[in-house]
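Asks: The file below is structure39.txt, compact mmCIF, C-alpha atoms:
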# COMPACT_ATOMS: atom_id res chain seq x y z
CA MET A 14 -12.63 -11.48 36.08
CA GLY A 15 -10.61 -12.95 33.21
CA MET A 16 -9.19 -10.80 30.46
CA ARG A 17 -11.30 -12.56 27.81
CA ASP A 18 -14.61 -12.62 29.72
CA GLY A 19 -17.34 -11.57 27.32
CA PHE A 20 -14.96 -11.85 24.35
CA GLU A 21 -15.59 -14.35 21.57
CA LEU A 22 -12.81 -15.92 19.48
CA ILE A 23 -13.23 -14.81 15.86
CA ALA A 24 -9.88 -15.67 14.23
CA GLN A 25 -6.67 -17.50 14.87
CA GLY A 26 -3.43 -16.92 12.97
CA ALA A 27 0.15 -18.11 13.26
CA GLU A 28 1.07 -15.41 15.79
CA ALA A 29 -2.10 -14.42 17.59
CA ARG A 30 -5.75 -15.01 18.43
CA LEU A 31 -8.38 -12.35 17.78
CA TYR A 32 -11.40 -11.92 20.05
CA LYS A 33 -14.38 -9.62 19.66
CA GLY A 34 -16.14 -8.06 22.63
CA SER A 35 -16.80 -4.83 24.46
CA TYR A 36 -14.28 -2.58 26.23
CA LEU A 37 -15.59 0.33 28.32
CA GLY A 38 -18.82 0.28 26.33
CA ARG A 39 -17.18 0.21 22.90
CA GLN A 40 -16.94 -2.62 20.37
CA ALA A 41 -13.41 -3.93 20.75
CA LEU A 42 -10.96 -6.36 19.21
CA LEU A 43 -8.59 -8.15 21.57
CA LYS A 44 -5.40 -9.39 19.94
CA GLU A 45 -3.51 -11.89 22.09
CA ARG A 46 -0.09 -13.21 21.07
CA PHE A 47 0.77 -16.86 21.67
CA VAL A 48 3.46 -18.10 24.00
CA LYS A 49 6.09 -19.76 21.77
CA LYS A 50 6.93 -22.96 23.65
CA TYR A 51 10.13 -23.60 21.68
CA ARG A 52 11.70 -20.38 22.99
CA HIS A 53 13.28 -19.82 26.37
CA PRO A 54 10.51 -18.19 28.49
CA ASP A 55 12.53 -15.03 29.18
CA LEU A 56 13.44 -14.62 25.52
CA ASP A 57 9.85 -15.26 24.47
CA LYS A 58 8.61 -12.61 26.90
CA THR A 59 11.16 -10.06 25.68
CA LEU A 60 10.55 -10.70 21.97
CA THR A 61 6.77 -10.64 22.41
CA LYS A 62 6.94 -7.35 24.30
CA GLU A 63 9.05 -5.83 21.50
CA ARG A 64 6.59 -7.02 18.84
CA ILE A 65 3.57 -5.67 20.74
CA LYS A 66 5.38 -2.37 21.23
CA ALA A 67 6.30 -2.16 17.52
CA GLU A 68 2.72 -3.00 16.50
CA ALA A 69 1.13 -0.41 18.78
CA ARG A 70 3.68 2.23 17.77
CA ALA A 71 3.13 1.58 14.05
CA ILE A 72 -0.67 1.86 14.43
CA VAL A 73 -0.35 5.20 16.23
CA ARG A 74 2.29 6.57 13.84
CA ALA A 75 0.32 5.45 10.79
CA LYS A 76 -2.66 7.45 12.05
CA ALA A 77 -0.38 10.48 12.46
CA ALA A 78 0.79 9.95 8.85
CA GLY A 79 -2.81 10.25 7.62
CA VAL A 80 -3.68 6.55 7.36
CA VAL A 81 -6.85 5.43 9.14
CA THR A 82 -6.11 2.65 11.67
CA PRO A 83 -8.05 1.20 14.63
CA ALA A 84 -7.90 3.26 17.84
CA ILE A 85 -5.84 1.56 20.56
CA PHE A 86 -7.61 1.26 23.93
CA LEU A 87 -5.08 -0.64 26.02
CA VAL A 88 -1.70 -2.37 25.64
CA ASP A 89 -1.05 -5.08 28.24
CA PHE A 90 2.45 -6.57 28.07
CA GLU A 91 1.90 -9.01 30.95
CA ARG A 92 -1.08 -10.55 29.20
CA ARG A 93 0.56 -10.22 25.78
CA CYS A 94 -2.33 -8.36 24.23
CA ILE A 95 -3.69 -5.18 22.67
CA PHE A 96 -7.29 -4.02 23.05
CA MET A 97 -8.25 -1.94 20.03
CA GLU A 98 -11.26 -0.57 18.20
CA TYR A 99 -13.35 -3.14 16.31
CA ILE A 100 -14.05 -1.68 12.86
CA GLU A 101 -17.81 -2.06 12.45
CA ASN A 102 -19.74 -2.08 9.17
CA SER A 103 -16.68 -3.08 7.20
CA VAL A 104 -15.54 -5.64 4.65
CA THR A 105 -12.01 -6.63 3.68
CA LEU A 106 -10.81 -5.13 0.42
CA LYS A 107 -10.33 -8.75 -0.73
CA ASN A 108 -14.05 -9.50 -0.27
CA TYR A 109 -15.02 -6.16 -1.76
CA ILE A 110 -13.03 -6.87 -4.93
CA GLU A 111 -14.39 -10.44 -5.18
CA ASN A 112 -18.01 -9.33 -4.72
CA TYR A 113 -18.22 -5.91 -6.34
CA VAL A 114 -15.33 -5.54 -8.78
CA THR A 115 -14.57 -8.84 -10.50
CA GLY A 116 -16.68 -9.22 -13.64
CA LYS A 117 -18.63 -5.97 -13.12
CA ASP A 118 -19.20 -3.32 -15.80
CA ASN A 119 -17.53 -0.45 -13.95
CA VAL A 120 -14.44 -2.49 -13.02
CA ASN A 121 -12.08 0.15 -14.48
CA HIS A 122 -13.49 3.01 -12.43
CA VAL A 123 -13.39 1.05 -9.20
CA THR A 124 -9.94 -0.38 -9.88
CA LYS A 125 -8.59 3.13 -10.54
CA SER A 126 -10.13 4.33 -7.29
CA ILE A 127 -8.64 1.43 -5.29
CA GLY A 128 -5.25 1.99 -6.96
CA ARG A 129 -5.32 5.69 -6.15
CA THR A 130 -6.29 5.18 -2.52
CA LEU A 131 -3.88 2.32 -1.79
CA GLY A 132 -0.93 3.93 -3.56
CA THR A 133 -1.41 7.10 -1.53
CA LEU A 134 -1.86 5.27 1.79
CA ILE A 135 1.28 3.15 1.36
CA ALA A 136 3.27 6.23 0.30
CA ARG A 137 2.09 8.05 3.44
CA LEU A 138 3.32 5.17 5.60
CA HIS A 139 6.66 4.95 3.82
CA SER A 140 7.18 8.74 3.91
CA LYS A 141 7.26 8.38 7.71
CA ASN A 142 9.46 5.25 7.50
CA ILE A 143 6.63 2.96 8.64
CA ILE A 144 6.66 -0.53 7.12
CA HIS A 145 3.44 -2.54 7.30
CA GLY A 146 5.17 -5.87 6.69
CA ASP A 147 2.12 -7.78 5.44
CA LEU A 148 0.36 -5.71 2.79
CA THR A 149 -2.52 -7.77 1.41
CA THR A 150 -6.12 -6.97 0.52
CA SER A 151 -7.15 -8.97 3.61
CA ASN A 152 -5.41 -6.38 5.81
CA ILE A 153 -7.27 -3.41 4.35
CA LEU A 154 -10.87 -2.87 5.42
CA ILE A 155 -13.48 -0.67 3.76
CA ARG A 156 -15.74 0.88 6.39
CA ASN A 157 -19.31 1.63 5.25
CA PRO A 158 -18.62 0.24 1.77
CA ARG A 159 -20.79 1.47 -1.07
CA HIS A 160 -21.74 -1.08 -3.63
CA GLU A 161 -22.95 1.29 -6.30
CA VAL A 162 -19.88 3.20 -7.44
CA SER A 163 -20.20 6.25 -9.64
CA SER A 164 -18.41 6.21 -12.98
CA SER A 165 -16.10 8.97 -11.77
CA GLY A 166 -14.63 6.38 -9.40
CA ASP A 167 -13.92 8.92 -6.67
CA GLN A 168 -12.23 7.41 -3.66
CA GLU A 169 -15.03 8.65 -1.38
CA THR A 170 -17.57 6.63 -3.29
CA LEU A 171 -16.07 3.32 -2.13
CA GLY A 172 -16.07 3.95 1.63
CA GLU A 173 -13.30 4.64 4.12
CA PHE A 174 -10.12 2.55 3.84
CA VAL A 175 -8.78 1.31 7.19
CA MET A 176 -5.40 -0.41 7.47
CA VAL A 177 -5.23 -3.26 10.00
CA ASP A 178 -2.95 -6.02 11.27
CA PHE A 179 0.35 -4.29 11.93
CA GLY A 180 1.69 -7.45 13.59
CA LEU A 181 4.82 -7.48 11.40
CA ALA A 182 5.19 -3.70 11.20
CA ARG A 183 8.27 -1.63 11.94
CA VAL A 184 8.72 2.08 12.48
CA GLU A 185 12.31 2.36 11.30
CA SER A 186 13.04 1.28 7.76
CA THR A 187 15.47 1.18 4.89
CA ILE A 188 14.88 1.64 1.16
CA GLU A 189 15.05 -2.17 0.86
CA ASP A 190 12.27 -2.58 3.48
CA LYS A 191 9.99 -0.27 1.50
CA ALA A 192 10.75 -2.15 -1.73
CA VAL A 193 9.98 -5.49 -0.05
CA ASP A 194 6.70 -4.05 1.35
CA LEU A 195 5.64 -3.23 -2.23
CA TYR A 196 6.81 -6.61 -3.55
CA VAL A 197 4.82 -8.48 -0.86
CA LEU A 198 1.72 -6.57 -1.98
CA GLU A 199 2.40 -7.36 -5.64
CA ARG A 200 2.75 -11.09 -4.92
CA SER A 201 -0.44 -11.12 -2.83
CA LEU A 202 -2.37 -9.40 -5.65
CA VAL A 203 -1.04 -11.90 -8.21
CA SER A 204 -2.32 -14.80 -6.10
CA ALA A 205 -5.59 -13.29 -4.81
CA HIS A 206 -6.71 -11.05 -7.69
CA SER A 207 -5.09 -12.31 -10.87
CA GLU A 208 -8.23 -11.27 -12.78
CA ILE A 209 -7.33 -7.56 -12.36
CA PRO A 210 -3.62 -7.42 -13.32
CA GLU A 211 -3.84 -3.64 -13.78
CA LEU A 212 -4.34 -3.05 -10.04
CA PHE A 213 -0.72 -3.20 -8.90
CA PRO A 214 0.63 -0.90 -11.67
CA LEU A 215 -2.07 1.63 -10.66
CA ILE A 216 -1.03 1.37 -7.00
CA LEU A 217 2.64 1.84 -7.94
CA MET A 218 1.86 4.82 -10.16
CA ASN A 219 -0.08 6.59 -7.40
CA TYR A 220 2.57 5.66 -4.83
CA GLN A 221 5.18 7.42 -6.97
CA LYS A 222 3.02 10.54 -7.35
CA PHE A 223 3.11 11.00 -3.59
CA CYS A 224 6.86 10.39 -3.10
CA THR A 225 9.63 12.97 -3.38
CA GLU A 226 11.76 12.60 -6.51
CA LYS A 227 14.75 11.25 -4.57
CA SER A 228 12.85 8.65 -2.51
CA LYS A 229 10.79 7.63 -5.55
CA ALA A 230 13.90 6.92 -7.64
CA GLU A 231 15.57 4.99 -4.80
CA VAL A 232 12.56 2.88 -3.81
CA ILE A 233 11.56 2.02 -7.39
CA ALA A 234 15.14 1.03 -8.34
CA LYS A 235 15.36 -1.17 -5.23
CA TYR A 236 11.87 -2.60 -5.90
CA LYS A 237 12.99 -3.69 -9.39
CA GLU A 238 15.99 -5.46 -7.81
CA VAL A 239 13.77 -7.21 -5.26
CA GLN A 240 11.32 -8.18 -8.01
CA ALA A 241 14.14 -9.64 -10.15
CA ARG A 242 15.42 -11.66 -7.18
CA GLY A 243 11.87 -12.87 -6.49
CA ARG A 244 11.33 -13.93 -10.10
CA LYS A 245 14.60 -15.82 -10.06
CA ARG A 246 13.53 -17.65 -6.89
CA LEU A 247 10.14 -18.50 -8.41
CA MET A 248 11.80 -19.93 -11.54
CA ILE A 249 14.29 -21.98 -9.55
CA GLY A 250 11.58 -23.03 -7.09
Produce structure tokens that represent the structure in this file.
Replies:
Amino acid sequence: MGMRDGFELIAQGAEARLYKGSYLGRQALLKERFVKKYRHPDLDKTLTKERIKAEARAIVRAKAAGVVTPAIFLVDFERRCIFMEYIENSVTLKNYIENYVTGKDNVNHVTKSIGRTLGTLIARLHSKNIIHGDLTTSNILIRNPRHEVSSSGDQETLGEFVMVDFGLARVESTIEDKAVDLYVLERSLVSAHSEIPELFPLILMNYQKFCTEKSKAEVIAKYKEVQARGRKRLMIG
């Protein structure tokens, strides 16, 4: 029986294919990393194994840090894949914002709630030296999303936030890594959600509330450096 029997291809990225199916009676996502033909086969095998290991480790450690992530069912290095929980009844935060936030009356309440939740989740990761590596609203899911949000904007009213796609994650990090993680998120929000410019400042404010004074000062100072370098690059092209 082949590894992908009963699994249906649902997405293909630069690094991996995603399949949906069933594993031991549970809805599962199978993430299979490509063979990189331009690399020496031994090197490719070694690098892929390291990436799979880092991804699985980050998912498990993120959960321990208080961030909801998919459960891991099986890691198979030979077949270059991870079987993990498929998050049912969910939408990406990107789709949620596009459908239920942009142009709506209660945009401020919902934006505050998203900012509070995301800022806290990223701070939890960073407090344990976990770097996501690709923070975008496409890599955050809302499970059981609610479309009518109370004016109090409580985080619970939106649904449960689940962080996914740790394919570029690392579990050891520097201050610079954390600053870059935040900068990647800022850039992705500028391009995907330019209509709510207040979202990133809210995320950053809530991130800082969670951090210790020392780490907050260090990360924010480094973030401003990274941001200045990024702006310079954008101007020069």
Asks: Please build the interface table for stretch 141-250 of chain A against stretch 80-84 of chain A with a cut-off of 7 Å, listing for each qualifying residue the nearest atom pair and the distance in Å to one decimal; count only C-alpha atoms, order rows by chain and increasing number, and write it as JSON lines.
Replies:
{"residue": "A:Phe174", "atom": "CA", "partner": "A:Val81", "partner_atom": "CA", "distance": 6.9}
{"residue": "A:Val175", "atom": "CA", "partner": "A:Val81", "partner_atom": "CA", "distance": 4.9}
{"residue": "A:Met176", "atom": "CA", "partner": "A:Thr82", "partner_atom": "CA", "distance": 5.2}
{"residue": "A:Val177", "atom": "CA", "partner": "A:Thr82", "partner_atom": "CA", "distance": 6.2}
Asks: For stretch 85-88 of chain A, list every protein, DNA or RNA residue within 6 Å, evaluated using only C-alpha atoms, and leave out those in the same chain fewer than 2 positions away; present the list as a list in words.
Replies: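 Neighbouring residues, sequence-local ones excluded: Ile95, Phe96 and Met97 of chain A.
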Asks: For A:Leu198, work out the shell of residues within 10 Å, counting all atoms listed in the file and skipping chain neighbours fewer than 3 positions away, then give it as a ChimeraX atom specification.
Replies: /A:146-150,193-195,201-203,213,216
Asks: Hey, which of A:Leu60, A:Leu22, A:Ile153, A:Ile188 ends up closest to A:Phe90? Count all atoms listed in the file.
Replies: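 Once distances to A:Phe90 are computed over all atoms listed in the file, the minimum belongs to A:Leu60.
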Asks: Which residue out of A:Gly180, A:Ala78, A:Lys141, A:Asn157 has the minimum interatomic distance to A:Glu28 when all atoms listed in the file are used?
Replies: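 Of all the options, A:Gly180 lies closest to A:Glu28.
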Asks: Which residues come within 10 Å of stretch 37-49 of chain A, counting only C-alpha atoms, excluding same-chain residues fewer than 4 positions away, as a ChimeraX atom specification?
Replies: /A:16-17,20-33,53-54,56-58,61-62,64-65,83-90,92-101,178,180
Asks: Could those residues be written to a file, using C-alpha atoms, as a PDB file, keeping the file's coordinate frame?
Replies:
ATOM      1  CA  MET A  16      -9.190 -10.800  30.460  1.00  0.00           C
ATOM      2  CA  ARG A  17     -11.300 -12.560  27.810  1.00  0.00           C
ATOM      3  CA  PHE A  20     -14.960 -11.850  24.350  1.00  0.00           C
ATOM      4  CA  GLU A  21     -15.590 -14.350  21.570  1.00  0.00           C
ATOM      5  CA  LEU A  22     -12.810 -15.920  19.480  1.00  0.00           C
ATOM      6  CA  ILE A  23     -13.230 -14.810  15.860  1.00  0.00           C
ATOM      7  CA  ALA A  24      -9.880 -15.670  14.230  1.00  0.00           C
ATOM      8  CA  GLN A  25      -6.670 -17.500  14.870  1.00  0.00           C
ATOM      9  CA  GLY A  26      -3.430 -16.920  12.970  1.00  0.00           C
ATOM     10  CA  ALA A  27       0.150 -18.110  13.260  1.00  0.00           C
ATOM     11  CA  GLU A  28       1.070 -15.410  15.790  1.00  0.00           C
ATOM     12  CA  ALA A  29      -2.100 -14.420  17.590  1.00  0.00           C
ATOM     13  CA  ARG A  30      -5.750 -15.010  18.430  1.00  0.00           C
ATOM     14  CA  LEU A  31      -8.380 -12.350  17.780  1.00  0.00           C
ATOM     15  CA  TYR A  32     -11.400 -11.920  20.050  1.00  0.00           C
ATOM     16  CA  LYS A  33     -14.380  -9.620  19.660  1.00  0.00           C
ATOM     17  CA  HIS A  53      13.280 -19.820  26.370  1.00  0.00           C
ATOM     18  CA  PRO A  54      10.510 -18.190  28.490  1.00  0.00           C
ATOM     19  CA  LEU A  56      13.440 -14.620  25.520  1.00  0.00           C
ATOM     20  CA  ASP A  57       9.850 -15.260  24.470  1.00  0.00           C
ATOM     21  CA  LYS A  58       8.610 -12.610  26.900  1.00  0.00           C
ATOM     22  CA  THR A  61       6.770 -10.640  22.410  1.00  0.00           C
ATOM     23  CA  LYS A  62       6.940  -7.350  24.300  1.00  0.00           C
ATOM     24  CA  ARG A  64       6.590  -7.020  18.840  1.00  0.00           C
ATOM     25  CA  ILE A  65       3.570  -5.670  20.740  1.00  0.00           C
ATOM     26  CA  PRO A  83      -8.050   1.200  14.630  1.00  0.00           C
ATOM     27  CA  ALA A  84      -7.900   3.260  17.840  1.00  0.00           C
ATOM     28  CA  ILE A  85      -5.840   1.560  20.560  1.00  0.00           C
ATOM     29  CA  PHE A  86      -7.610   1.260  23.930  1.00  0.00           C
ATOM     30  CA  LEU A  87      -5.080  -0.640  26.020  1.00  0.00           C
ATOM     31  CA  VAL A  88      -1.700  -2.370  25.640  1.00  0.00           C
ATOM     32  CA  ASP A  89      -1.050  -5.080  28.240  1.00  0.00           C
ATOM     33  CA  PHE A  90       2.450  -6.570  28.070  1.00  0.00           C
ATOM     34  CA  ARG A  92      -1.080 -10.550  29.200  1.00  0.00           C
ATOM     35  CA  ARG A  93       0.560 -10.220  25.780  1.00  0.00           C
ATOM     36  CA  CYS A  94      -2.330  -8.360  24.230  1.00  0.00           C
ATOM     37  CA  ILE A  95      -3.690  -5.180  22.670  1.00  0.00           C
ATOM     38  CA  PHE A  96      -7.290  -4.020  23.050  1.00  0.00           C
ATOM     39  CA  MET A  97      -8.250  -1.940  20.030  1.00  0.00           C
ATOM     40  CA  GLU A  98     -11.260  -0.570  18.200  1.00  0.00           C
ATOM     41  CA  TYR A  99     -13.350  -3.140  16.310  1.00  0.00           C
ATOM     42  CA  ILE A 100     -14.050  -1.680  12.860  1.00  0.00           C
ATOM     43  CA  GLU A 101     -17.810  -2.060  12.450  1.00  0.00           C
ATOM     44  CA  ASP A 178      -2.950  -6.020  11.270  1.00  0.00           C
ATOM     45  CA  GLY A 180       1.690  -7.450  13.590  1.00  0.00           C
TER      46      GLY A 180
END
Asks: Take atom CA of A:Ala182 and atom CA of A:Ala69 and report the distance between them in Å, one decimal.
Replies: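 Atom CA of A:Ala69 lies 9.2 Å from atom CA of A:Ala182.
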Asks: Rounded to one decimal place, report the atom CA of A:Ala75-atom CA of A:Asn108 distance in Å.
Replies: 23.5 Å
Asks: To one decimal in Å, tell me the separation between atom CA of A:Lys237 and atom CA of A:Tyr196.
Replies: 9.0 Å
Asks: Show me, as an MDAnalysis selection string, the residues that have an atom within 9 Å of A:Leu215 when counting all atoms listed in the file, minus same-chain residues fewer than 5 positions from it.
Replies: chainID A and resid 124:125 127:129 132 220
Asks: With a distance cut-off of 8 Å and only C-alpha atoms, select the neighbouring residues of A:Ile209, excluding the residue or stretch itself and same-chain residues fewer than 3 positions from it, and output the selection as a PyMOL selection string.
Replies: chain A and resi 115+206+212
Asks: Keeping only C-alpha atoms, write the selected residues as a PDB file, in the frame of the given file.
Replies:
ATOM      1  CA  THR A 115     -14.570  -8.840 -10.500  1.00  0.00           C
ATOM      2  CA  HIS A 206      -6.710 -11.050  -7.690  1.00  0.00           C
ATOM      3  CA  LEU A 212      -4.340  -3.050 -10.040  1.00  0.00           C
TER       4      LEU A 212
END
Asks: Given the choices A:Glu208, A:Lys66, A:Leu134, A:Ile144, which gets closest to A:Gly116 if the distance is worked out from all atoms listed in the file?
Replies: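 Ranked by minimum distance to A:Gly116, first place goes to A:Glu208.
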Asks: May I have the protein, DNA and RNA residues with any atom at most 10 Å from the point (3.5, 5.9, 6.0), counting all atoms listed in the file, written as an MDAnalysis selection string?
Replies: chainID A and resid 71 74:80 133:145 184
Asks: Go ahead and write the residues just picked, C-alpha atoms, as a tab-separated table (two decimals), in the frame of the given file.
Replies:
chain	number	residue	atom	x	y	z
A	71	ALA	CA	3.13	1.58	14.05
A	74	ARG	CA	2.29	6.57	13.84
A	75	ALA	CA	0.32	5.45	10.79
A	76	LYS	CA	-2.66	7.45	12.05
A	77	ALA	CA	-0.38	10.48	12.46
A	78	ALA	CA	0.79	9.95	8.85
A	79	GLY	CA	-2.81	10.25	7.62
A	80	VAL	CA	-3.68	6.55	7.36
A	133	THR	CA	-1.41	7.10	-1.53
A	134	LEU	CA	-1.86	5.27	1.79
A	135	ILE	CA	1.28	3.15	1.36
A	136	ALA	CA	3.27	6.23	0.30
A	137	ARG	CA	2.09	8.05	3.44
A	138	LEU	CA	3.32	5.17	5.60
A	139	HIS	CA	6.66	4.95	3.82
A	140	SER	CA	7.18	8.74	3.91
A	141	LYS	CA	7.26	8.38	7.71
A	142	ASN	CA	9.46	5.25	7.50
A	143	ILE	CA	6.63	2.96	8.64
A	144	ILE	CA	6.66	-0.53	7.12
A	145	HIS	CA	3.44	-2.54	7.30
A	184	VAL	CA	8.72	2.08	12.48
